[in-house]
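Colleague: First the structure, then my questions, so here it is.
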Amino acid sequence: VFYTVALLALQCAGTDPQFLFAYTATPKYTPGAWVQGQDRFPEGAQIRLSDGRGVEGFTFSADPDVSPEASRILFVARASTAAKLGIWEAGIDSLAPKLLFECEEDCMRPMYLGQDLIVFSARLKGRFLVEVFDRSAGAFRRITFSSYSQIATGVLQDGRILIDSARPEGRFPMTVFPDGTGVAATATGLDATGDNHDAREMRQGQIVYLSNSCLRALPSADASAVRFPGAICGIGSPASQTREGWIVVDQQISGTNKYRIAVVRPNGTLQYFANHSGLAAVQPSVFVPRTTPKAFPSGLTQVLRQAHILVLPDPLRKDRGPEGKLRVIAANGTASEVSLGEVAFERDGSSFVEVPANTPIRFEIIAEDGSIAKRQQHWIWLRDGERRRCVGCHASPTVVPPNLRPEALAKGFAPVRLLRQP
Amino acid sequence: MPRHWKVRLSLAAWLFQQMAAAAQTLPGSGFLSPEELALSQDGRYLFVSCLESGEAAVIDLNRPGLIAKRVRCGRMPRGIAVSRDRVYVANSWDDTVSEINAATHQVLRTFDTGMEPIGLAIDGSRNRLFTVNRLSGDVTAIDLGSGKRIASIPVGRGASYGTISGTTLFVSRIYPSVDRDQGSISNWVGEIDIESLGVRGPTTRLGGWGAGFKIAASTAGGPVIIPSIFPRNFLPTSHVDGGGLVVNGLTVVDGQRATAVPIDTTTSSSAQPFDAVHVPAEDALFVSASAADEVLVVNLRRLLGRDRQAPATEPVTAMPTDLSTSAGLIRQRVAVGRNPRGMVYDRRRGKVYVANRMDDTISVIDAANLKVTSIGLVSEPQPLTPQRRGARLFHSSAFARVRQFSCSTCHIDNLSDGLAWDLEQDGFGADIVATKSLESLRLTAPFKWSGVTPDLATECGPLSERYFFRSEGFRGQALSDLVAYLESIPPRPNRFRKANGFTPAQVEGKQVFERKKTNDGREILFVLQCPACHAGPAYTVNSSFSVGTKTRFDRTGTFDTPGLINAAFNVNFLHDGSAADLFELWTTYNMKDLHGVTSDLTKGQIQALVEYLKTL
């Protein structure tokens, strides 16, 4: 009761917090519509600033992302009903828009990486995938290869990209480097069967994400989940952050399809911004300088067309010996999957295989009786020339492999080739 | 005397003292680079060994604003120890120890030691000084009464630091033992009975342990704790996250049992732990993380309690495998100056002093509230040179993903870690290569064992960030500074090259090195004569050749010709580090006479050749 009274008092006081942010004003917002390949803004949208200004000259604009130095915004926009969607940029002073590139089909959520790179999500044949645009080279690079739709939701200070993977069981946040390598589940502590999505890194390194539209937090992208102070639900978009460290979100007004922008104080209380437009206010992006994401030096050779993965035994699992085999499964389109083959584990439990690059794959451990002892839940992929090693198939990121030469490498470079095309 | 005159005289005396102290700071003499610390027994003076200036700085803790005195010692002083009324400084490049009067700060005597004394320990009851000598791999025991060396005790290559606890001198080593056939490493703590001067056995060996540094005694005769590095050199270097290249940790040796715990987490590392001091009042262990510019406050009770939970009878053969265990162990990470090295605990004042090598300061940590103040070692900081800026970068972990390591993690004190690594860019399991020493680099381009890297800027810039750091690395000015530092690294003094010329064995070895005919008079092809490849100021023609050392791990048999300056100080030899010493190089690894013609040489000739090579 006190909580509600306090919120009402704040609203009645009408004292908006003093910081500048961009947001999207829309009659209707269906934030998860992209999962089914549908439109999140079926009745249109326009980007506005909290000081009353707007990005003018578009029939549609949305998805604002403020640059690290807080002087520009990126957004998707359509100049006319006949025009293609494009990724645009505007300076905060003039808000004069500049087209960076046009999208083939739908595109969404452009975000600034370091080193003149932009990450965005594009729809291709009914599914979303994530691409990186190199502004200086004018080149595009696809970085996700999955059976599911995937979109970028945030950029970590260390240069990695947070993506949502739209599995049938629910969305799940993963991380990937800007060259598409190193894709990994964000944290093993998350409920793999739940709907966890829209993760963003805050300045102190914690990850704020949504679980069934309720705010949650992780201490870091690699750590297990922690509780967020208070239950704050009905959130539609990834969070932003003020200079003071307060979290800014869009929250659905209970019983309506309207959203409004709110500031979450460190103690969990919310302060709402007045919104007299009658439109939903969503996707807040605060103009506050933040650390430019570190550049990621890609080690891809650009020579190899395949990829290599070294499976190391999990040193914390004493119950499983080298018995059984490793099976690699590849996705064949969206509906079916095919086994690329099986390879016996070495005596120490290691295995070294060559797999097709840029293809969704997952692993299964086959027991001696032929049953599936363990199945990887997420599809991953390796880029052409990527070399990865993993500990077990599902070991925690805190597990360190022992410093022993894997028997799979005892003969030098001799991977088992599992290259059957799915 | 009128009171105002007393005040004026006091003020004049204070001003005179300050001027006299200021005159001691030798402005313009360059950087001091404080390495280790010791406290006088009355607690008044803090003694600081200063690597670059070759001095022991003396700080009066009753007036900590300025250096009270700078005492000239030898080259590259490292270890420093205090007895009742004497201070001892290990001059690592002179193979000597300076004895200093703790009250007058005058150098009294100089003792000879083994090669490259690093660590010092004093047995006050027997009036003995122990030096731990890295290059000769032994401990020198000196009777301080007579000033004579009374024993030289072998403890293994890379022996560097020593601490007495109870009746035992514990000795750590920076180079592990490598089992190339099994693909594993291990290290151990040497234990010497300080009474009999005999080595205690069996040694307490720990699998997976790479380098061990200074040693802290938790209680007299109780467990000792060693800041340590646990490398992952037998795994491909494709990942940094999750302890991918190294894990920084603490090794606890308790009787015949050794265990280790990590001090890293998945998202942040405490790179290059170097020194540890026990602070009984806080039941804590303070650990300097040199490359992370921080001091960790470790819950000692938990550290030792966790250790006791390990199986008591089974030897522990691997380092900890779960980084989450560090979470409950570390109470606080305290930011200090650049490159914190040696520390000392001042029980009277409740302070921990930390020598910050790369900014010439001493951090003073209040052990109770962890507030940090700083003492400058110079009245005015020296202008930073490109070399000094480069040295700071070399010793910093800021560029590696999750700050896991710095350049100096593998190139310990500009040498190597004694390991061979499965570098990722060649493919998993292929082209295992030994870490090279960085001395005299300027003369040895191209780089890497493959010889494909044309210059240091390429190696330290794009290649290092792609294949080591996995993060934005050295670029622009930072890269230029780092290269300037690397090119300025001087070779250590060569202990085998005497001023009065070669020994007879060295003369014979030189003849073997330069010979053009075999013992039975056959002509040796020019390409198989030693100077054909090992010529010039660094004894390399800067090209790659095949010398018959290709293994099943190598994709090519052609390797860059290494320089031979100070080759004797290498930890291992050949591109993969497979030869343990120079003698083995010409026997086991040159059976087909592809690495020069040596099969006709007598054992004496090979030994002579080795003696000559040591002088280069």
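Here, A, B, ... name the chains of the structure tokens in the order displayed, residue numbers run from 1 inside each chain, and ligands are numbered from 1 in the same displayed order.
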List the spatial neighbours of range 265-270 of chain B as a PyMOL selection string - criterion: any atom at most 8 Å away, only C-alpha atoms, same-chain residues fewer than 5 positions off excluded.

Modeller: (chain A and resi 220+222-223+397-398) or (chain B and resi 241-243+248+289+291-292+294+323-324+326-327+402-405)

Colleague: Those same residues, written as a compact mmCIF listing (two decimals), in the first residue's frame with all heavy atoms?

Modeller:
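Result file follows (part_11.txt):
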```txt
# COMPACT_ATOMS: atom_id res chain seq x y z
N SER A 220 27.05 -10.36 -13.97
CA SER A 220 27.81 -10.15 -15.20
C SER A 220 27.27 -11.11 -16.25
O SER A 220 26.46 -11.99 -15.95
CB SER A 220 29.30 -10.42 -14.97
OG SER A 220 29.52 -11.81 -14.90
N ASP A 222 28.62 -13.53 -17.57
CA ASP A 222 29.06 -14.91 -17.42
C ASP A 222 28.64 -15.52 -16.09
O ASP A 222 29.05 -16.62 -15.76
CB ASP A 222 30.58 -14.97 -17.53
CG ASP A 222 31.06 -14.31 -18.80
OD1 ASP A 222 30.53 -14.66 -19.86
OD2 ASP A 222 31.93 -13.44 -18.73
N ALA A 223 27.87 -14.78 -15.32
CA ALA A 223 27.59 -15.25 -13.97
C ALA A 223 26.15 -15.71 -13.82
O ALA A 223 25.34 -15.55 -14.71
CB ALA A 223 27.87 -14.12 -12.97
N PRO A 397 30.71 -21.78 -16.88
CA PRO A 397 31.86 -20.98 -17.34
C PRO A 397 32.94 -20.81 -16.29
O PRO A 397 34.03 -20.35 -16.60
CB PRO A 397 31.21 -19.63 -17.72
CG PRO A 397 29.89 -19.61 -17.07
CD PRO A 397 29.46 -21.03 -16.91
N THR A 398 32.66 -21.19 -15.06
CA THR A 398 33.69 -21.07 -14.03
C THR A 398 34.63 -22.28 -14.03
O THR A 398 35.63 -22.27 -13.33
CB THR A 398 33.06 -20.95 -12.62
OG1 THR A 398 32.38 -22.16 -12.31
CG2 THR A 398 32.08 -19.79 -12.55
N ASP B 241 38.80 -16.53 -21.73
CA ASP B 241 37.78 -16.62 -20.69
C ASP B 241 37.89 -17.94 -19.93
O ASP B 241 38.36 -18.95 -20.47
CB ASP B 241 36.39 -16.53 -21.30
CG ASP B 241 36.21 -15.25 -22.07
OD1 ASP B 241 36.88 -15.09 -23.11
OD2 ASP B 241 35.44 -14.41 -21.62
N GLY B 242 37.43 -17.92 -18.70
CA GLY B 242 37.38 -19.14 -17.90
C GLY B 242 38.75 -19.74 -17.65
O GLY B 242 38.93 -20.95 -17.73
N GLY B 243 39.72 -18.89 -17.31
CA GLY B 243 41.06 -19.41 -17.03
C GLY B 243 41.71 -20.00 -18.26
O GLY B 243 42.48 -20.96 -18.16
N ASN B 248 45.45 -17.30 -12.11
CA ASN B 248 46.26 -16.73 -11.04
C ASN B 248 45.73 -17.26 -9.72
O ASN B 248 44.50 -17.28 -9.51
CB ASN B 248 46.18 -15.22 -11.10
CG ASN B 248 46.64 -14.66 -12.44
OD1 ASN B 248 47.84 -14.61 -12.71
ND2 ASN B 248 45.70 -14.28 -13.29
N ALA B 289 48.87 -8.17 -6.56
CA ALA B 289 48.66 -8.66 -7.93
C ALA B 289 49.33 -7.66 -8.86
O ALA B 289 48.77 -6.61 -9.17
CB ALA B 289 47.17 -8.79 -8.22
N ALA B 291 50.24 -7.25 -12.03
CA ALA B 291 49.76 -6.74 -13.32
C ALA B 291 48.38 -6.14 -13.22
O ALA B 291 47.91 -5.51 -14.16
CB ALA B 291 49.77 -7.87 -14.35
N ALA B 292 47.70 -6.35 -12.11
CA ALA B 292 46.34 -5.83 -11.94
C ALA B 292 46.33 -4.55 -11.13
O ALA B 292 45.26 -3.95 -10.93
CB ALA B 292 45.45 -6.87 -11.27
N GLU B 294 46.64 -4.04 -7.97
CA GLU B 294 45.78 -4.15 -6.80
C GLU B 294 46.39 -5.09 -5.77
O GLU B 294 47.27 -5.90 -6.09
CB GLU B 294 44.38 -4.65 -7.19
CG GLU B 294 44.38 -6.06 -7.75
CD GLU B 294 43.02 -6.50 -8.27
OE1 GLU B 294 42.16 -5.63 -8.54
OE2 GLU B 294 42.82 -7.72 -8.41
N LEU B 323 36.60 -21.54 -10.88
CA LEU B 323 36.90 -20.15 -10.55
C LEU B 323 35.91 -19.57 -9.54
O LEU B 323 36.18 -18.54 -8.94
CB LEU B 323 36.89 -19.29 -11.82
CG LEU B 323 37.98 -19.59 -12.84
CD1 LEU B 323 37.84 -18.66 -14.04
CD2 LEU B 323 39.36 -19.43 -12.23
N SER B 324 34.77 -20.22 -9.37
CA SER B 324 33.79 -19.67 -8.43
C SER B 324 34.28 -19.76 -6.99
O SER B 324 33.75 -19.09 -6.11
CB SER B 324 32.45 -20.39 -8.58
OG SER B 324 32.59 -21.74 -8.17
N SER B 326 36.87 -18.59 -5.78
CA SER B 326 37.56 -17.39 -5.31
C SER B 326 36.59 -16.40 -4.66
O SER B 326 37.02 -15.51 -3.92
CB SER B 326 38.29 -16.71 -6.47
OG SER B 326 37.36 -16.26 -7.43
N ALA B 327 35.30 -16.55 -4.96
CA ALA B 327 34.33 -15.53 -4.53
C ALA B 327 34.31 -15.37 -3.01
O ALA B 327 34.34 -14.26 -2.50
CB ALA B 327 32.94 -15.89 -5.05
N VAL B 402 39.39 -10.06 -19.69
CA VAL B 402 39.20 -10.26 -18.26
C VAL B 402 40.49 -10.00 -17.45
O VAL B 402 40.67 -10.52 -16.36
CB VAL B 402 38.61 -11.64 -17.90
CG1 VAL B 402 37.24 -11.77 -18.50
CG2 VAL B 402 39.48 -12.80 -18.34
N ARG B 403 41.38 -9.22 -18.05
CA ARG B 403 42.63 -8.80 -17.38
C ARG B 403 43.40 -10.00 -16.84
O ARG B 403 43.94 -9.97 -15.73
CB ARG B 403 42.31 -7.82 -16.24
CG ARG B 403 41.54 -6.61 -16.71
CD ARG B 403 41.59 -5.53 -15.68
NE ARG B 403 42.97 -5.15 -15.41
CZ ARG B 403 43.34 -3.98 -14.92
NH1 ARG B 403 42.45 -3.07 -14.67
NH2 ARG B 403 44.61 -3.72 -14.67
N GLN B 404 43.45 -11.06 -17.63
CA GLN B 404 43.98 -12.32 -17.11
C GLN B 404 45.49 -12.37 -17.01
O GLN B 404 46.03 -13.06 -16.16
CB GLN B 404 43.49 -13.46 -18.01
CG GLN B 404 43.68 -14.84 -17.43
CD GLN B 404 43.05 -15.86 -18.33
OE1 GLN B 404 43.70 -16.38 -19.23
NE2 GLN B 404 41.78 -16.15 -18.11
N PHE B 405 46.19 -11.67 -17.88
CA PHE B 405 47.66 -11.78 -17.90
C PHE B 405 48.25 -10.53 -18.53
O PHE B 405 47.54 -9.73 -19.16
CB PHE B 405 48.09 -13.01 -18.70
CG PHE B 405 47.54 -13.03 -20.11
CD1 PHE B 405 48.22 -12.45 -21.14
CD2 PHE B 405 46.31 -13.61 -20.37
CE1 PHE B 405 47.70 -12.44 -22.43
CE2 PHE B 405 45.78 -13.62 -21.65
CZ PHE B 405 46.48 -13.03 -22.68
```

Colleague: Output as a list in words the set of chain A residues within 6 Å of chain B, with distances taken over only C-alpha atoms.

Modeller: Lys294, Ala295, Phe296, Pro297, Ser298, Gly299, Pro397, Thr398, Val399, Val400, Asn403, Leu404, Arg405, Leu409, Gly412 and Phe413 of chain A

Colleague: Thr561 in chain B: which residues within 8 Å, counting only C-alpha atoms, same-chain residues fewer than 3 positions away excluded, as a list in words?

Modeller: Trp449, Cys533, His534, Thr540, Val541, Asn542, Ser543, Ser544 and Phe545 of chain B

Colleague: For Ala434 in chain B, find every residue with an atom within 8 Å (counting only C-alpha atoms), except residues of its own chain fewer than 5 positions away, and show them as a VMD selection string.

Modeller: chain B and resid 418 to 421 572 574 to 577

Colleague: Would you save the residues from that selection as a JSON list (two decimals), in the first residue's frame, using N, CA and C atoms?

Modeller:
```
[["chain", "number", "residue", "atom", "x", "y", "z"],
["B", 418, "GLY", "N", 59.67, -20.82, -19.24],
["B", 418, "GLY", "CA", 60.16, -22.19, -19.31],
["B", 418, "GLY", "C", 59.19, -23.16, -19.94],
["B", 419, "LEU", "N", 58.20, -22.64, -20.67],
["B", 419, "LEU", "CA", 57.15, -23.49, -21.20],
["B", 419, "LEU", "C", 57.08, -23.40, -22.72],
["B", 420, "ALA", "N", 56.46, -24.41, -23.33],
["B", 420, "ALA", "CA", 56.12, -24.37, -24.75],
["B", 420, "ALA", "C", 54.61, -24.33, -24.84],
["B", 421, "TRP", "N", 54.09, -23.53, -25.78],
["B", 421, "TRP", "CA", 52.66, -23.25, -25.86],
["B", 421, "TRP", "C", 52.09, -23.72, -27.20],
["B", 572, "ASN", "N", 65.20, -23.65, -21.70],
["B", 572, "ASN", "CA", 65.17, -24.82, -22.56],
["B", 572, "ASN", "C", 65.62, -24.40, -23.96],
["B", 574, "LEU", "N", 65.75, -25.27, -28.47],
["B", 574, "LEU", "CA", 65.04, -25.66, -29.70],
["B", 574, "LEU", "C", 63.64, -25.01, -29.71],
["B", 575, "HIS", "N", 63.00, -25.07, -30.89],
["B", 575, "HIS", "CA", 61.76, -24.33, -31.09],
["B", 575, "HIS", "C", 60.65, -24.76, -30.14],
["B", 576, "ASP", "N", 60.65, -26.01, -29.74],
["B", 576, "ASP", "CA", 59.59, -26.50, -28.85],
["B", 576, "ASP", "C", 60.09, -26.70, -27.43],
["B", 577, "GLY", "N", 61.29, -26.23, -27.16],
["B", 577, "GLY", "CA", 61.83, -26.34, -25.81],
["B", 577, "GLY", "C", 62.14, -27.75, -25.39]]
```

Colleague: If we count only C-alpha atoms and set the cut-off at 7 Å, which residues sit around range 127-137 of chain A, ignoring sequence neighbours fewer than 5 positions away in its own chain? Please answer as number ranges by chain.

Modeller: A: 37, 116-122, 142-144, 149-152, 178

Colleague: Out of range 42-174 of chain A, which residues get strand (DSSP E) from DSSP, as a PyMOL selection string?

Modeller: chain A and resi 46-49+60-66+72-78+86-91+97-102+107-112+117-124+127-134+139-142+150-155+161-167+170-174

Colleague: Set the distance at 10 Å and use only C-alpha atoms: which residues neighbour Ile142 in chain B once local chain neighbours fewer than 2 positions away are removed? I'd like the list as a compact mmCIF listing (two decimals) with all heavy atoms, in the first residue's frame.

Modeller:
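Okay, part38.txt is ready:
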```
# COMPACT_ATOMS: atom_id res chain seq x y z
N PHE B 111 79.07 -9.67 -0.01
CA PHE B 111 79.29 -11.12 -0.07
C PHE B 111 79.02 -11.63 -1.48
O PHE B 111 78.08 -11.17 -2.14
CB PHE B 111 78.34 -11.85 0.90
CG PHE B 111 78.36 -11.30 2.29
CD1 PHE B 111 77.19 -10.82 2.87
CD2 PHE B 111 79.53 -11.29 3.04
CE1 PHE B 111 77.18 -10.32 4.16
CE2 PHE B 111 79.53 -10.80 4.33
CZ PHE B 111 78.36 -10.31 4.89
N ASP B 112 79.82 -12.60 -1.89
CA ASP B 112 79.56 -13.27 -3.16
C ASP B 112 78.48 -14.33 -2.97
O ASP B 112 78.39 -14.97 -1.92
CB ASP B 112 80.83 -13.94 -3.69
CG ASP B 112 81.84 -12.90 -4.15
OD1 ASP B 112 81.40 -11.79 -4.53
OD2 ASP B 112 83.05 -13.19 -4.14
N THR B 113 77.70 -14.53 -4.02
CA THR B 113 76.61 -15.52 -3.97
C THR B 113 76.66 -16.39 -5.22
O THR B 113 77.56 -16.25 -6.05
CB THR B 113 75.24 -14.81 -3.92
OG1 THR B 113 75.02 -14.19 -5.18
CG2 THR B 113 75.18 -13.78 -2.82
N ILE B 122 66.94 -14.70 6.45
CA ILE B 122 67.93 -14.63 7.53
C ILE B 122 67.54 -15.60 8.64
O ILE B 122 66.39 -15.61 9.09
CB ILE B 122 68.03 -13.19 8.08
CG1 ILE B 122 68.63 -12.29 7.00
CG2 ILE B 122 68.88 -13.16 9.35
CD1 ILE B 122 68.66 -10.83 7.39
N ASN B 127 72.80 -16.82 12.89
CA ASN B 127 73.51 -15.72 12.23
C ASN B 127 73.90 -16.10 10.79
O ASN B 127 75.06 -15.94 10.39
CB ASN B 127 74.76 -15.32 13.05
CG ASN B 127 75.18 -13.89 12.72
OD1 ASN B 127 74.35 -13.06 12.33
ND2 ASN B 127 76.47 -13.60 12.88
N ARG B 128 72.92 -16.64 10.06
CA ARG B 128 73.17 -17.04 8.68
C ARG B 128 72.26 -16.28 7.72
O ARG B 128 71.10 -15.98 8.04
CB ARG B 128 72.92 -18.54 8.50
CG ARG B 128 73.97 -19.42 9.14
CD ARG B 128 73.52 -20.86 9.08
NE ARG B 128 74.52 -21.74 9.65
CZ ARG B 128 74.28 -23.02 9.95
NH1 ARG B 128 73.09 -23.54 9.74
NH2 ARG B 128 75.24 -23.77 10.46
N LEU B 129 72.81 -16.04 6.55
CA LEU B 129 72.02 -15.43 5.48
C LEU B 129 71.91 -16.44 4.34
O LEU B 129 72.89 -17.08 3.97
CB LEU B 129 72.73 -14.16 4.97
CG LEU B 129 72.12 -13.50 3.73
CD1 LEU B 129 70.79 -12.85 4.06
CD2 LEU B 129 73.08 -12.46 3.16
N PHE B 130 70.70 -16.57 3.81
CA PHE B 130 70.48 -17.45 2.65
C PHE B 130 70.10 -16.60 1.44
O PHE B 130 69.25 -15.71 1.55
CB PHE B 130 69.35 -18.45 2.94
CG PHE B 130 69.66 -19.39 4.06
CD1 PHE B 130 69.23 -19.11 5.36
CD2 PHE B 130 70.37 -20.56 3.83
CE1 PHE B 130 69.51 -19.98 6.40
CE2 PHE B 130 70.65 -21.44 4.87
CZ PHE B 130 70.23 -21.13 6.16
N THR B 131 70.74 -16.87 0.32
CA THR B 131 70.32 -16.22 -0.93
C THR B 131 69.81 -17.30 -1.87
O THR B 131 70.39 -18.38 -1.97
CB THR B 131 71.48 -15.47 -1.61
OG1 THR B 131 72.41 -16.41 -2.16
CG2 THR B 131 72.19 -14.56 -0.62
N VAL B 139 70.83 -22.39 -3.50
CA VAL B 139 70.77 -21.50 -2.35
C VAL B 139 72.17 -21.37 -1.79
O VAL B 139 72.86 -22.38 -1.58
CB VAL B 139 69.81 -22.05 -1.27
CG1 VAL B 139 69.96 -21.29 0.04
CG2 VAL B 139 68.36 -21.97 -1.75
N THR B 140 72.61 -20.15 -1.58
CA THR B 140 73.90 -19.91 -0.95
C THR B 140 73.66 -19.60 0.53
O THR B 140 72.84 -18.74 0.85
CB THR B 140 74.63 -18.71 -1.60
OG1 THR B 140 74.78 -18.98 -2.99
CG2 THR B 140 75.98 -18.48 -0.96
N LEU B 144 77.27 -15.08 8.69
CA LEU B 144 77.41 -13.63 8.78
C LEU B 144 78.51 -13.21 9.76
O LEU B 144 78.95 -12.07 9.73
CB LEU B 144 76.07 -13.00 9.19
CG LEU B 144 74.99 -13.09 8.10
CD1 LEU B 144 73.65 -12.60 8.62
CD2 LEU B 144 75.41 -12.28 6.87
N GLY B 145 78.92 -14.12 10.60
CA GLY B 145 80.03 -13.80 11.48
C GLY B 145 81.32 -13.68 10.71
O GLY B 145 82.02 -12.66 10.75
N SER B 146 81.62 -14.72 9.96
CA SER B 146 82.87 -14.73 9.20
C SER B 146 82.73 -14.10 7.83
O SER B 146 83.71 -13.74 7.18
CB SER B 146 83.35 -16.18 9.04
OG SER B 146 82.42 -16.90 8.25
N GLY B 147 81.49 -14.00 7.35
CA GLY B 147 81.27 -13.48 6.00
C GLY B 147 81.56 -14.50 4.93
O GLY B 147 81.64 -14.15 3.75
N LYS B 148 81.70 -15.76 5.32
CA LYS B 148 82.08 -16.79 4.36
C LYS B 148 80.88 -17.60 3.91
O LYS B 148 79.95 -17.86 4.69
CB LYS B 148 83.14 -17.71 4.96
CG LYS B 148 84.47 -16.99 5.12
CD LYS B 148 85.56 -17.93 5.57
CE LYS B 148 86.90 -17.19 5.61
NZ LYS B 148 87.94 -17.97 6.25
N ARG B 149 80.98 -18.05 2.67
CA ARG B 149 79.97 -18.96 2.12
C ARG B 149 80.19 -20.33 2.75
O ARG B 149 81.28 -20.89 2.66
CB ARG B 149 80.12 -19.03 0.61
CG ARG B 149 79.04 -19.84 -0.06
CD ARG B 149 79.36 -20.14 -1.51
NE ARG B 149 79.59 -18.94 -2.32
CZ ARG B 149 79.33 -18.87 -3.63
NH1 ARG B 149 78.82 -19.93 -4.25
NH2 ARG B 149 79.59 -17.79 -4.30
N ILE B 150 79.15 -20.87 3.39
CA ILE B 150 79.34 -22.15 4.05
C ILE B 150 78.65 -23.30 3.32
O ILE B 150 78.89 -24.46 3.60
CB ILE B 150 78.85 -22.11 5.52
CG1 ILE B 150 77.40 -21.62 5.59
CG2 ILE B 150 79.77 -21.25 6.36
CD1 ILE B 150 76.82 -21.69 6.99
N ALA B 151 77.78 -22.98 2.39
CA ALA B 151 77.14 -24.06 1.64
C ALA B 151 76.51 -23.50 0.37
O ALA B 151 76.15 -22.31 0.30
CB ALA B 151 76.05 -24.74 2.48
N SER B 152 76.44 -24.38 -0.62
CA SER B 152 75.72 -24.07 -1.85
C SER B 152 74.79 -25.26 -2.09
O SER B 152 75.26 -26.37 -2.35
CB SER B 152 76.70 -23.86 -3.00
OG SER B 152 76.01 -23.53 -4.16
```

Colleague: Give me, as a VMD selection string, all polymer residues having an atom no more than 7 Å from Asp60 in chain B, counting only C-alpha atoms and skipping those fewer than 5 positions away in the same chain.

Modeller: chain B and resid 44 to 46 68
